[in-house]
>>> print(open('target39.txt').read())   # compact mmCIF, C-alpha atoms
# COMPACT_ATOMS: atom_id res chain seq x y z
CA MET A 1 84.33 177.10 -14.92
CA GLU A 2 81.44 175.06 -13.56
CA LYS A 3 79.30 175.94 -16.60
CA GLY A 4 82.15 175.54 -19.07
CA ILE A 5 85.03 177.70 -20.21
CA PHE A 6 82.90 179.20 -23.01
CA ALA A 7 79.82 179.90 -20.88
CA GLY A 8 78.24 183.10 -22.21
CA LEU A 9 79.84 182.78 -25.65
CA LYS A 10 77.16 183.17 -28.32
CA VAL A 11 77.64 181.13 -31.49
CA LEU A 12 75.48 181.09 -34.61
CA ASP A 13 75.78 177.81 -36.50
CA CYS A 14 74.65 178.47 -40.07
CA ALA A 15 76.30 175.40 -41.58
CA SER A 16 75.73 171.81 -42.67
CA PHE A 17 77.64 168.61 -43.68
CA ILE A 18 79.79 168.22 -41.35
CA ALA A 19 83.02 169.89 -40.34
CA ALA A 20 81.69 173.39 -39.68
CA PRO A 21 78.72 172.43 -37.46
CA ALA A 22 80.96 169.90 -35.70
CA ALA A 23 83.30 172.75 -34.73
CA ALA A 24 80.29 174.49 -33.20
CA THR A 25 79.55 171.27 -31.31
CA VAL A 26 83.02 171.36 -29.73
CA LEU A 27 82.40 174.94 -28.59
CA SER A 28 79.09 173.79 -27.11
CA ASP A 29 80.83 170.97 -25.23
CA PHE A 30 82.69 173.65 -23.29
CA GLY A 31 79.57 175.65 -22.53
CA ALA A 32 79.04 177.96 -25.52
CA ASP A 33 75.43 178.89 -26.31
CA VAL A 34 75.04 177.60 -29.88
CA ILE A 35 72.04 178.52 -32.00
CA LYS A 36 71.49 176.31 -35.02
CA ILE A 37 70.06 178.26 -37.95
CA GLU A 38 68.24 175.99 -40.38
CA PRO A 39 65.50 176.33 -43.00
CA PRO A 40 61.86 175.77 -42.01
CA GLY A 41 60.25 172.46 -42.83
CA ALA A 42 62.78 169.65 -43.12
CA GLY A 43 65.54 171.75 -41.57
CA ASP A 44 69.23 171.16 -42.10
CA PRO A 45 69.66 168.60 -44.93
CA TYR A 46 72.18 166.81 -42.72
CA ARG A 47 69.26 165.54 -40.65
CA ASN A 48 68.53 163.23 -43.59
CA LEU A 49 71.97 161.57 -43.71
CA PRO A 50 70.86 158.20 -42.22
CA ASN A 51 68.27 157.88 -44.99
CA LEU A 52 70.91 157.86 -47.73
CA PRO A 53 71.80 154.51 -49.32
CA GLY A 54 74.40 152.48 -47.47
CA TYR A 55 74.11 154.15 -44.08
CA PRO A 56 73.15 152.23 -40.90
CA THR A 57 69.47 152.03 -40.07
CA GLY A 58 67.95 152.23 -36.64
CA GLU A 59 65.60 153.98 -34.26
CA HIS A 60 67.77 157.06 -33.69
CA ASN A 61 69.15 159.72 -36.01
CA PHE A 62 72.76 158.99 -35.09
CA ALA A 63 74.20 161.73 -37.30
CA TRP A 64 72.06 164.48 -35.81
CA LEU A 65 72.63 163.22 -32.25
CA LEU A 66 76.37 163.63 -32.73
CA GLU A 67 76.59 166.94 -34.59
CA ALA A 68 73.68 168.87 -33.07
CA ARG A 69 73.91 168.02 -29.38
CA ASN A 70 73.64 170.92 -26.94
CA LYS A 71 72.32 173.31 -29.60
CA LYS A 72 69.12 175.32 -29.90
CA SER A 73 67.32 175.59 -33.23
CA ILE A 74 65.71 178.53 -34.96
CA ALA A 75 64.12 177.98 -38.37
CA LEU A 76 64.74 180.91 -40.72
CA ASP A 77 64.01 181.16 -44.42
CA LEU A 78 66.99 183.33 -45.26
CA ALA A 79 65.71 183.87 -48.78
CA LYS A 80 63.17 186.25 -47.20
CA PRO A 81 64.30 189.77 -46.16
CA GLU A 82 62.37 189.47 -42.87
CA ALA A 83 64.39 186.38 -41.92
CA GLN A 84 67.63 188.09 -42.90
CA ALA A 85 66.68 190.95 -40.59
CA VAL A 86 66.23 188.47 -37.73
CA LEU A 87 69.63 186.97 -38.44
CA TYR A 88 71.26 190.40 -38.49
CA LYS A 89 69.73 191.15 -35.11
CA LEU A 90 71.17 187.91 -33.73
CA VAL A 91 74.56 188.73 -35.26
CA GLU A 92 74.65 192.04 -33.39
CA GLU A 93 74.92 190.11 -30.11
CA ALA A 94 76.90 187.10 -31.34
CA ASP A 95 80.55 186.27 -30.76
CA VAL A 96 80.98 183.73 -33.56
CA PHE A 97 79.18 183.14 -36.86
CA ILE A 98 79.95 179.81 -38.55
CA THR A 99 79.07 178.91 -42.12
CA ASN A 100 80.19 176.54 -44.85
CA MET A 101 77.68 177.52 -47.49
CA PRO A 102 79.24 178.04 -50.94
CA PRO A 103 80.17 181.69 -51.56
CA PRO A 104 77.45 182.32 -54.17
CA VAL A 105 74.81 181.05 -51.72
CA ARG A 106 76.18 183.34 -49.01
CA THR A 107 75.81 186.28 -51.35
CA LYS A 108 72.26 185.30 -52.24
CA LEU A 109 71.25 184.89 -48.58
CA GLY A 110 73.05 187.99 -47.34
CA ILE A 111 75.48 186.20 -45.04
CA THR A 112 78.90 187.05 -46.49
CA TYR A 113 81.55 188.56 -44.25
CA ASP A 114 80.84 191.98 -45.75
CA HIS A 115 77.14 191.60 -44.97
CA LEU A 116 77.77 190.83 -41.30
CA ALA A 117 81.07 192.34 -40.15
CA HIS A 118 79.81 195.94 -39.97
CA LEU A 119 76.98 194.84 -37.66
CA ASN A 120 79.36 193.75 -34.92
CA ASP A 121 83.05 194.66 -34.89
CA ARG A 122 83.76 191.92 -32.33
CA LEU A 123 82.29 189.15 -34.50
CA ILE A 124 84.43 186.16 -35.44
CA TYR A 125 83.23 185.20 -38.93
CA ALA A 126 84.29 181.58 -39.38
CA SER A 127 84.23 180.36 -42.97
CA PHE A 128 84.71 176.75 -44.04
CA THR A 129 84.96 175.71 -47.68
CA GLY A 130 85.88 172.72 -49.80
CA TYR A 131 88.85 174.15 -51.66
CA GLY A 132 89.75 177.48 -50.05
CA GLU A 133 88.66 181.09 -50.41
CA LYS A 134 90.68 181.96 -53.54
CA GLY A 135 91.29 180.64 -57.02
CA GLU A 136 89.12 179.13 -59.72
CA GLU A 137 87.74 176.42 -57.39
CA ALA A 138 86.73 178.76 -54.56
CA ASN A 139 83.05 178.37 -55.38
CA LYS A 140 83.23 174.62 -55.94
CA PRO A 141 81.27 172.53 -53.42
CA GLY A 142 83.17 169.73 -51.72
CA PHE A 143 82.67 166.85 -49.31
CA ASP A 144 85.36 165.08 -47.33
CA SER A 145 85.29 162.11 -49.71
CA ASN A 146 86.44 164.26 -52.62
CA ALA A 147 88.04 167.46 -51.33
CA TYR A 148 89.79 165.92 -48.29
CA TRP A 149 90.29 162.24 -49.03
CA ALA A 150 90.70 162.13 -52.80
CA ARG A 151 92.30 165.51 -53.53
CA SER A 152 95.02 165.15 -50.88
CA GLY A 153 96.36 161.86 -52.23
CA LEU A 154 95.18 159.88 -49.20
CA MET A 155 92.70 157.88 -51.25
CA ASP A 156 95.53 156.63 -53.44
CA LEU A 157 98.09 156.22 -50.66
CA VAL A 158 96.19 153.94 -48.29
CA ARG A 159 95.24 151.23 -50.78
CA ALA A 160 96.88 147.88 -50.16
CA ASP A 161 99.15 148.03 -53.20
CA ILE A 162 99.42 149.49 -56.66
CA ASP A 163 97.20 146.75 -58.12
CA THR A 164 94.21 147.36 -55.84
CA THR A 165 91.68 150.13 -56.40
CA PRO A 166 91.90 153.39 -54.40
CA ALA A 167 90.34 153.08 -50.95
CA ARG A 168 86.96 154.63 -50.16
CA SER A 169 86.65 156.74 -47.05
CA VAL A 170 84.00 156.28 -44.36
CA ALA A 171 81.40 158.88 -43.39
CA GLY A 172 82.85 161.92 -41.64
CA MET A 173 86.38 160.53 -41.58
CA GLY A 174 87.85 163.77 -42.88
CA ASP A 175 85.17 166.12 -41.59
CA HIS A 176 85.84 165.50 -37.91
CA PRO A 177 89.60 166.17 -38.01
CA CYS A 178 88.75 169.25 -40.09
CA ALA A 179 86.31 170.33 -37.39
CA MET A 180 89.15 170.32 -34.85
CA ALA A 181 91.30 172.51 -37.11
CA PHE A 182 88.36 174.85 -37.65
CA TYR A 183 87.69 174.94 -33.91
CA GLY A 184 91.36 175.84 -33.43
CA ALA A 185 91.03 178.70 -35.91
CA ILE A 186 87.97 180.06 -34.09
CA VAL A 187 89.60 179.83 -30.66
CA THR A 188 92.77 181.48 -31.98
CA ALA A 189 90.64 184.33 -33.32
CA LEU A 190 88.91 184.66 -29.95
CA TYR A 191 92.33 184.91 -28.31
CA GLN A 192 93.32 187.59 -30.82
CA ARG A 193 90.11 189.44 -29.98
CA GLU A 194 91.12 189.43 -26.32
CA LYS A 195 94.28 191.29 -27.34
CA THR A 196 92.81 193.68 -29.91
CA GLY A 197 89.12 193.96 -29.05
CA LYS A 198 88.31 193.32 -32.70
CA GLY A 199 86.74 190.40 -34.49
CA SER A 200 88.09 188.86 -37.67
CA HIS A 201 87.45 186.57 -40.62
CA VAL A 202 88.92 183.08 -40.11
CA ALA A 203 88.92 180.19 -42.53
CA SER A 204 89.76 176.55 -43.07
CA ASN A 205 88.97 174.07 -45.81
CA LEU A 206 88.79 170.37 -46.60
CA MET A 207 91.56 170.38 -49.18
CA ALA A 208 94.13 171.98 -46.87
CA ASN A 209 93.28 169.65 -44.01
CA GLY A 210 93.52 166.62 -46.27
CA LEU A 211 96.99 167.61 -47.42
CA TRP A 212 97.98 168.27 -43.80
CA ALA A 213 96.88 164.71 -42.97
CA ALA A 214 99.00 163.39 -45.84
CA SER A 215 101.80 165.86 -45.23
CA VAL A 216 104.64 163.50 -44.27
CA LEU A 217 104.64 161.86 -47.68
CA ALA A 218 103.48 165.01 -49.45
CA GLN A 219 106.46 166.87 -48.01
CA ALA A 220 108.73 164.08 -49.24
CA LYS A 221 107.32 164.64 -52.73
CA LEU A 222 107.84 168.39 -52.39
CA CYS A 223 111.47 167.68 -51.52
CA GLY A 224 111.92 165.53 -54.59
CA ALA A 225 112.28 162.26 -52.69
CA LYS A 226 112.19 158.95 -54.54
CA PHE A 227 109.37 156.59 -53.61
CA GLY A 228 109.61 152.82 -53.58
CA GLU A 229 107.11 150.23 -54.68
CA ARG A 230 103.81 150.13 -52.83
CA ARG A 231 103.80 146.60 -51.46
CA PRO A 232 100.93 144.45 -50.15
CA ARG A 233 100.84 143.40 -46.50
CA GLU A 234 102.38 140.01 -47.22
CA ARG A 235 105.42 141.69 -48.76
CA ALA A 236 105.79 144.62 -46.36
CA LEU A 237 109.34 145.80 -45.78
CA ASN A 238 109.09 145.55 -41.97
CA ALA A 239 107.48 142.49 -40.44
CA VAL A 240 107.29 143.98 -36.94
CA ALA A 241 105.39 147.05 -38.14
CA ASN A 242 102.67 145.06 -39.84
CA HIS A 243 99.22 143.64 -39.13
CA TYR A 244 98.30 140.01 -38.49
CA GLN A 245 95.15 137.93 -38.29
CA CYS A 246 94.43 135.86 -35.19
CA LYS A 247 92.71 132.49 -34.90
CA ASP A 248 89.27 134.07 -34.35
CA GLY A 249 89.55 136.22 -37.47
CA ARG A 250 90.40 139.42 -35.58
CA TRP A 251 93.45 141.49 -36.46
CA LEU A 252 96.18 143.27 -34.52
CA ILE A 253 98.96 145.56 -35.70
CA LEU A 254 102.51 145.52 -34.37
CA SER A 255 104.46 148.78 -34.02
CA LEU A 256 107.87 147.71 -32.74
CA LEU A 257 109.93 150.77 -33.61
CA ASN A 258 112.65 149.84 -31.09
CA GLU A 259 113.17 146.67 -33.02
CA GLU A 260 116.65 145.66 -31.85
CA LYS A 261 115.49 145.59 -28.24
CA GLN A 262 111.96 144.28 -28.76
CA PHE A 263 112.36 141.54 -31.38
CA PRO A 264 113.70 138.98 -28.85
CA THR A 265 110.76 139.76 -26.54
CA LEU A 266 108.33 139.29 -29.41
CA ALA A 267 109.91 135.96 -30.29
CA LYS A 268 109.51 134.76 -26.69
CA CYS A 269 105.87 135.95 -26.61
CA LEU A 270 105.17 133.96 -29.74
CA GLY A 271 106.84 130.86 -28.39
CA ARG A 272 109.38 131.13 -31.18
CA GLU A 273 112.62 131.67 -29.26
CA ASP A 274 114.35 129.95 -32.18
CA LEU A 275 113.89 133.13 -34.20
CA ILE A 276 116.24 135.03 -31.89
CA ASN A 277 119.29 133.11 -33.07
CA ASP A 278 118.01 132.27 -36.53
CA PRO A 279 120.76 133.60 -38.85
CA ARG A 280 118.10 134.73 -41.34
CA PHE A 281 116.79 137.25 -38.79
CA ALA A 282 119.84 137.95 -36.61
CA THR A 283 119.98 141.68 -37.24
CA LYS A 284 117.54 144.42 -38.11
CA ALA A 285 118.95 144.56 -41.62
CA ASP A 286 118.52 140.79 -41.97
CA ARG A 287 114.90 140.95 -40.83
CA HIS A 288 114.14 143.71 -43.30
CA ALA A 289 115.90 141.92 -46.14
CA ARG A 290 113.90 138.76 -45.39
CA SER A 291 110.69 140.43 -44.30
CA VAL A 292 108.53 138.24 -46.55
CA GLU A 293 109.84 135.07 -44.88
CA LEU A 294 109.36 136.56 -41.41
CA ILE A 295 105.83 137.74 -42.20
CA LYS A 296 104.88 134.23 -43.26
CA ILE A 297 106.20 132.84 -39.95
CA LEU A 298 104.34 135.50 -37.94
CA ASP A 299 101.17 134.88 -39.94
CA GLU A 300 101.28 131.19 -39.07
CA THR A 301 102.02 131.90 -35.41
CA PHE A 302 99.39 134.57 -34.80
CA ALA A 303 96.81 132.27 -36.41
CA THR A 304 97.20 129.81 -33.50
CA ARG A 305 95.52 131.96 -30.80
CA ASP A 306 92.53 134.26 -30.47
CA LEU A 307 93.00 138.02 -30.26
CA SER A 308 92.13 138.11 -26.54
CA GLU A 309 94.98 135.68 -25.78
CA TRP A 310 97.53 137.58 -27.83
CA ARG A 311 96.40 140.81 -26.26
CA LYS A 312 97.19 139.54 -22.76
CA ILE A 313 100.54 138.13 -23.82
CA LEU A 314 101.73 141.20 -25.72
CA ASP A 315 100.42 143.68 -23.11
CA GLY A 316 102.03 141.61 -20.35
CA ASN A 317 105.41 142.00 -22.00
CA GLY A 318 105.17 145.71 -22.79
CA LEU A 319 105.14 145.36 -26.55
CA VAL A 320 103.61 148.13 -28.63
CA PHE A 321 100.67 146.94 -30.70
CA GLY A 322 97.09 147.88 -31.41
CA VAL A 323 93.87 145.98 -31.71
CA VAL A 324 92.24 146.51 -35.09
CA ALA A 325 88.92 147.43 -33.54
CA ILE A 326 85.54 146.75 -35.07
CA LEU A 327 82.47 148.85 -34.33
CA ASP A 328 81.08 146.16 -32.04
CA ASP A 329 84.02 146.81 -29.69
CA ILE A 330 83.32 150.51 -29.20
CA PRO A 331 80.29 150.62 -26.82
CA ASN A 332 82.08 148.51 -24.19
CA ASP A 333 85.62 149.84 -24.60
CA LYS A 334 86.62 150.34 -20.96
CA GLN A 335 89.53 152.65 -21.78
CA MET A 336 87.23 154.93 -23.75
CA LEU A 337 84.66 154.91 -20.95
CA ASP A 338 87.27 155.53 -18.23
CA ASN A 339 88.64 158.52 -20.14
CA GLU A 340 85.20 159.94 -21.00
CA VAL A 341 85.74 159.51 -24.70
CA LEU A 342 82.29 157.95 -24.53
CA VAL A 343 79.80 159.86 -22.36
CA PRO A 344 76.05 159.54 -21.74
CA PHE A 345 73.49 162.06 -22.83
CA GLU A 346 71.79 164.05 -20.09
CA ASN A 347 69.05 161.99 -18.40
CA ASP A 348 69.77 159.03 -20.65
CA THR A 349 71.96 155.94 -20.84
CA MET A 350 72.65 156.40 -24.54
CA LEU A 351 76.30 157.20 -25.18
CA THR A 352 77.81 159.77 -27.51
CA ILE A 353 81.37 160.62 -28.50
CA SER A 354 82.98 163.51 -26.67
CA SER A 355 85.19 166.03 -28.44
CA PRO A 356 88.86 164.99 -28.08
CA ILE A 357 89.99 167.85 -25.81
CA TRP A 358 90.17 168.01 -22.03
CA ILE A 359 91.31 170.99 -19.94
CA ASP A 360 91.89 170.78 -16.20
CA GLY A 361 89.41 172.96 -14.36
CA ALA A 362 87.25 173.51 -17.47
CA LYS A 363 84.30 171.21 -17.14
CA LYS A 364 82.49 169.97 -20.22
CA VAL A 365 78.71 170.13 -20.21
CA GLN A 366 76.86 166.85 -20.14
CA PRO A 367 75.60 166.34 -23.70
CA ARG A 368 72.00 167.33 -24.30
CA LYS A 369 69.84 165.78 -27.01
CA PRO A 370 69.67 167.82 -30.24
CA PRO A 371 66.70 170.02 -31.11
CA ALA A 372 63.80 169.53 -33.47
CA VAL A 373 63.60 171.94 -36.42
CA GLY A 374 62.81 175.40 -35.04
CA GLU A 375 62.24 174.03 -31.54
CA HIS A 376 63.59 177.19 -29.94
CA SER A 377 62.48 179.78 -32.51
CA ASP A 378 60.13 181.65 -30.20
CA GLU A 379 62.53 181.49 -27.25
CA ILE A 380 65.39 182.90 -29.34
CA LEU A 381 63.22 185.63 -30.84
CA ARG A 382 61.96 186.72 -27.42
CA ALA A 383 65.51 186.84 -26.09
CA ALA A 384 66.43 189.04 -29.07
CA GLY A 385 63.67 191.50 -28.11
CA TYR A 386 60.81 190.53 -30.42
CA ASP A 387 57.30 190.85 -29.01
CA GLU A 388 54.56 188.28 -29.51
CA ALA A 389 52.82 190.22 -32.26
CA THR A 390 56.02 190.49 -34.31
CA ILE A 391 56.80 186.81 -33.79
CA LYS A 392 53.32 185.92 -35.03
CA GLN A 393 53.85 188.14 -38.05
CA LEU A 394 57.21 186.52 -38.82
CA ARG A 395 55.65 183.09 -38.62
CA GLY A 396 52.75 184.15 -40.79
CA SER A 397 55.09 185.38 -43.51
CA GLY A 398 57.03 182.11 -43.49
CA ALA A 399 60.23 183.90 -42.53
CA VAL A 400 60.33 181.92 -39.26
CA GLY A 401 59.31 178.30 -38.83
>>> encode(input="target39.txt", output="structure tokens")
Amino acid sequence: MEKGIFAGLKVLDCASFIAAPAAATVLSDFGADVIKIEPPGAGDPYRNLPNLPGYPTGEHNFAWLLEARNKKSIALDLAKPEAQAVLYKLVEEADVFITNMPPPVRTKLGITYDHLAHLNDRLIYASFTGYGEKGEEANKPGFDSNAYWARSGLMDLVRADIDTTPARSVAGMGDHPCAMAFYGAIVTALYQREKTGKGSHVASNLMANGLWAASVLAQAKLCGAKFGERRPRERALNAVANHYQCKDGRWLILSLLNEEKQFPTLAKCLGREDLINDPRFATKADRHARSVELIKILDETFATRDLSEWRKILDGNGLVFGVVAILDDIPNDKQMLDNEVLVPFENDTMLTISSPIWIDGAKKVQPRKPPAVGEHSDEILRAAGYDEATIKQLRGSGAVG
């Protein structure tokens, strides 16, 4: 396993924005040989994400660094029959083909399951869509902001209260959990292939993953449950499962589910031992009935110290809470560094975010910087058996960039 559990696995990444290529990235983290197929010229449109309005600006293409690490790039104009022929030749030797192009585009470019499956009966054809493979919306394009976040109900559910507007998602927030589900589908199909010797067509979509993320409350709705008022933070029903602002403006969130045991400890940590015997808050039921009063007291108390002080006090007493992190915290988060959630690129000090899976004895590859458009076209063509004259001809026709 020194080269990774998927060493020798050949993956064709013919996808963009974001979940499908991110699933290929996870495979590459464990040693798979991933070939990125992108159009000549500007390449995958996802390369341009940081240039869109509202995204961070800087020296590095952060989006491409994350999604395209470890991959090789071949530039193919799949609208040309000669490029399709190259792809088909690559498919003959591939283990996995990944795409999230809309079905009509797949038909136009000759990359549907029916186009490819007969070329290689061991091929795992992995299809990712916005709204699923069937029904009147099967051909509808989707991004995580609409098909995952909005369609699932999450956009409505996470707003502060009924009077505030629905909450906007952040870039890739749904795509990356979807990528893990899609990765799981691919690996399950590979396991099935070990049993049967045959490939298969596997699928996942943004809409289904969004509903899975919202499924606790969605299942309640499916069961006909009655829902209460959506209340703002200051009127939350449970003061010890709520978030509070510290003196320095930072926030933390309490999660004291074992409330009967932990409330006295919290009171002592806050220097408010008087709350333990306060008849207003004597029992769990009392605290819930008077949660607004208790929240006001906790607000005033947490506002007396900085986050770093509260963190030491609460950690020192074994209370369950979380720091509401800001992006400035991430690069120096020792726990993330110790657990290799953050890892450096090969021959570089720049960090990237590792896929959230670890397997004893299955080493991950050290992340390699992503490719330029078509950087490996000639190398991939030679490995597929093309001679120099044919490669020159393919380049001359514009089929290969």
>>> residues_around(input="target39.txt", residues="Asn347 of chain A", least_positions_apart="4", cutoff="12 Å", atoms="all atoms listed in the file", output="ChimeraX atom specification")
/A:343,351,366-369
>>> residues_around(input="target39.txt", residues="segment 143-145 of chain A", least_positions_apart="2", cutoff="7 Å", atoms="all atoms listed in the file", output="PyMOL selection string")
chain A and resi 130+147-150+169+172+174-175+206
>>> residues_around(input="target39.txt", residues="Asn258 of chain A", least_positions_apart="3", cutoff="12 Å", atoms="all atoms listed in the file", output="ChimeraX atom specification")
/A:240-241,254-255,261-266,284,318-320
>>> residues_around(input="target39.txt", residues="Glu137 of chain A", least_positions_apart="5", cutoff="12 Å", atoms="only C-alpha atoms", output="ChimeraX atom specification")
/A:102-103,129-132,142,147,205,207
>>> residues_around(input="target39.txt", residues="segment 226-233 of chain A", least_positions_apart="2", cutoff="7 Å", atoms="only C-alpha atoms", output="number ranges by chain")
A: 160-162, 224, 235-236
>>> closest_residue(input="target39.txt", among="A:Ala19, A:Ile253, A:Leu65, A:Ala285", to="Val324 of chain A", atoms="only C-alpha atoms")
A:Ile253
>>> closest_residue(input="target39.txt", among="A:Ser204, A:Ser152, A:Asn146, A:Thr57", to="Ala126 of chain A", atoms="all atoms listed in the file")
A:Ser204
>>> closest_residue(input="target39.txt", among="A:Asp33, A:Ala68, A:Asn51, A:Val96", to="Tyr183 of chain A", atoms="all atoms listed in the file")
A:Val96
>>> atom_distance(input="target39.txt", atom1="atom CA of Arg382 of chain A", atom2="atom CA of Glu38 of chain A")
18.0 Å
>>> closest_residue(input="target39.txt", among="A:Ala42, A:Ile74, A:Cys223, A:Leu211", to="Leu157 of chain A", atoms="all atoms listed in the file")
A:Leu211
>>> closest_residue(input="target39.txt", among="A:Val170, A:Leu237, A:Cys14, A:Ala85", to="Gly54 of chain A", atoms="all atoms listed in the file")
A:Val170
>>> closest_residue(input="target39.txt", among="A:Leu52, A:Arg395, A:Leu294, A:Ala94", to="Ile276 of chain A", atoms="only C-alpha atoms")
A:Leu294
>>> build_atoms(input="target39.txt", residues="segment 338-357 of chain A", atoms="N, CA and C atoms", output="mmCIF file, in the frame of the given file")
data_model
loop_
_atom_site.group_PDB
_atom_site.id
_atom_site.type_symbol
_atom_site.label_atom_id
_atom_site.label_comp_id
_atom_site.auth_asym_id
_atom_site.auth_seq_id
_atom_site.Cartn_x
_atom_site.Cartn_y
_atom_site.Cartn_z
ATOM 1 N N ASP A 338 86.521 154.982 -19.365
ATOM 2 C CA ASP A 338 87.270 155.530 -18.230
ATOM 3 C C ASP A 338 87.780 156.938 -18.512
ATOM 4 N N ASN A 339 88.093 157.218 -19.771
ATOM 5 C CA ASN A 339 88.640 158.520 -20.140
ATOM 6 C C ASN A 339 87.594 159.477 -20.692
ATOM 7 N N GLU A 340 86.320 159.107 -20.563
ATOM 8 C CA GLU A 340 85.200 159.940 -21.000
ATOM 9 C C GLU A 340 85.305 160.324 -22.472
ATOM 10 N N VAL A 341 85.848 159.396 -23.251
ATOM 11 C CA VAL A 341 85.740 159.510 -24.700
ATOM 12 C C VAL A 341 84.301 159.202 -25.107
ATOM 13 N N LEU A 342 83.712 158.258 -24.402
ATOM 14 C CA LEU A 342 82.290 157.950 -24.530
ATOM 15 C C LEU A 342 81.570 158.470 -23.292
ATOM 16 N N VAL A 343 80.535 159.266 -23.487
ATOM 17 C CA VAL A 343 79.800 159.860 -22.360
ATOM 18 C C VAL A 343 78.308 159.741 -22.613
ATOM 19 N N PRO A 344 77.504 159.660 -21.556
ATOM 20 C CA PRO A 344 76.050 159.540 -21.740
ATOM 21 C C PRO A 344 75.399 160.892 -21.979
ATOM 22 N N PHE A 345 74.312 160.870 -22.721
ATOM 23 C CA PHE A 345 73.490 162.060 -22.830
ATOM 24 C C PHE A 345 72.830 162.363 -21.490
ATOM 25 N N GLU A 346 72.484 163.620 -21.300
ATOM 26 C CA GLU A 346 71.790 164.050 -20.090
ATOM 27 C C GLU A 346 70.486 163.275 -19.933
ATOM 28 N N ASN A 347 70.273 162.733 -18.718
ATOM 29 C CA ASN A 347 69.050 161.990 -18.400
ATOM 30 C C ASN A 347 68.818 160.805 -19.333
ATOM 31 N N ASP A 348 69.901 160.149 -19.732
ATOM 32 C CA ASP A 348 69.770 159.030 -20.650
ATOM 33 C C ASP A 348 70.982 158.114 -20.483
ATOM 34 N N THR A 349 70.821 156.867 -20.863
ATOM 35 C CA THR A 349 71.960 155.940 -20.840
ATOM 36 C C THR A 349 72.648 155.851 -22.193
ATOM 37 N N MET A 350 72.037 156.426 -23.218
ATOM 38 C CA MET A 350 72.650 156.400 -24.540
ATOM 39 C C MET A 350 73.969 157.167 -24.527
ATOM 40 N N LEU A 351 74.979 156.578 -25.148
ATOM 41 C CA LEU A 351 76.300 157.200 -25.180
ATOM 42 C C LEU A 351 76.478 158.032 -26.446
ATOM 43 N N THR A 352 77.353 159.034 -26.337
ATOM 44 C CA THR A 352 77.810 159.770 -27.510
ATOM 45 C C THR A 352 79.319 159.939 -27.393
ATOM 46 N N ILE A 353 79.920 160.500 -28.427
ATOM 47 C CA ILE A 353 81.370 160.620 -28.500
ATOM 48 C C ILE A 353 81.776 162.042 -28.160
ATOM 49 N N SER A 354 82.561 162.184 -27.119
ATOM 50 C CA SER A 354 82.980 163.510 -26.670
ATOM 51 C C SER A 354 84.030 164.084 -27.622
ATOM 52 N N SER A 355 84.117 165.401 -27.669
ATOM 53 C CA SER A 355 85.190 166.030 -28.440
ATOM 54 C C SER A 355 86.532 165.707 -27.797
ATOM 55 N N PRO A 356 87.601 165.547 -28.591
ATOM 56 C CA PRO A 356 88.860 164.990 -28.080
ATOM 57 C C PRO A 356 89.778 166.012 -27.421
ATOM 58 N N ILE A 357 89.222 166.832 -26.538
ATOM 59 C CA ILE A 357 89.990 167.850 -25.810
ATOM 60 C C ILE A 357 89.541 167.827 -24.362
#
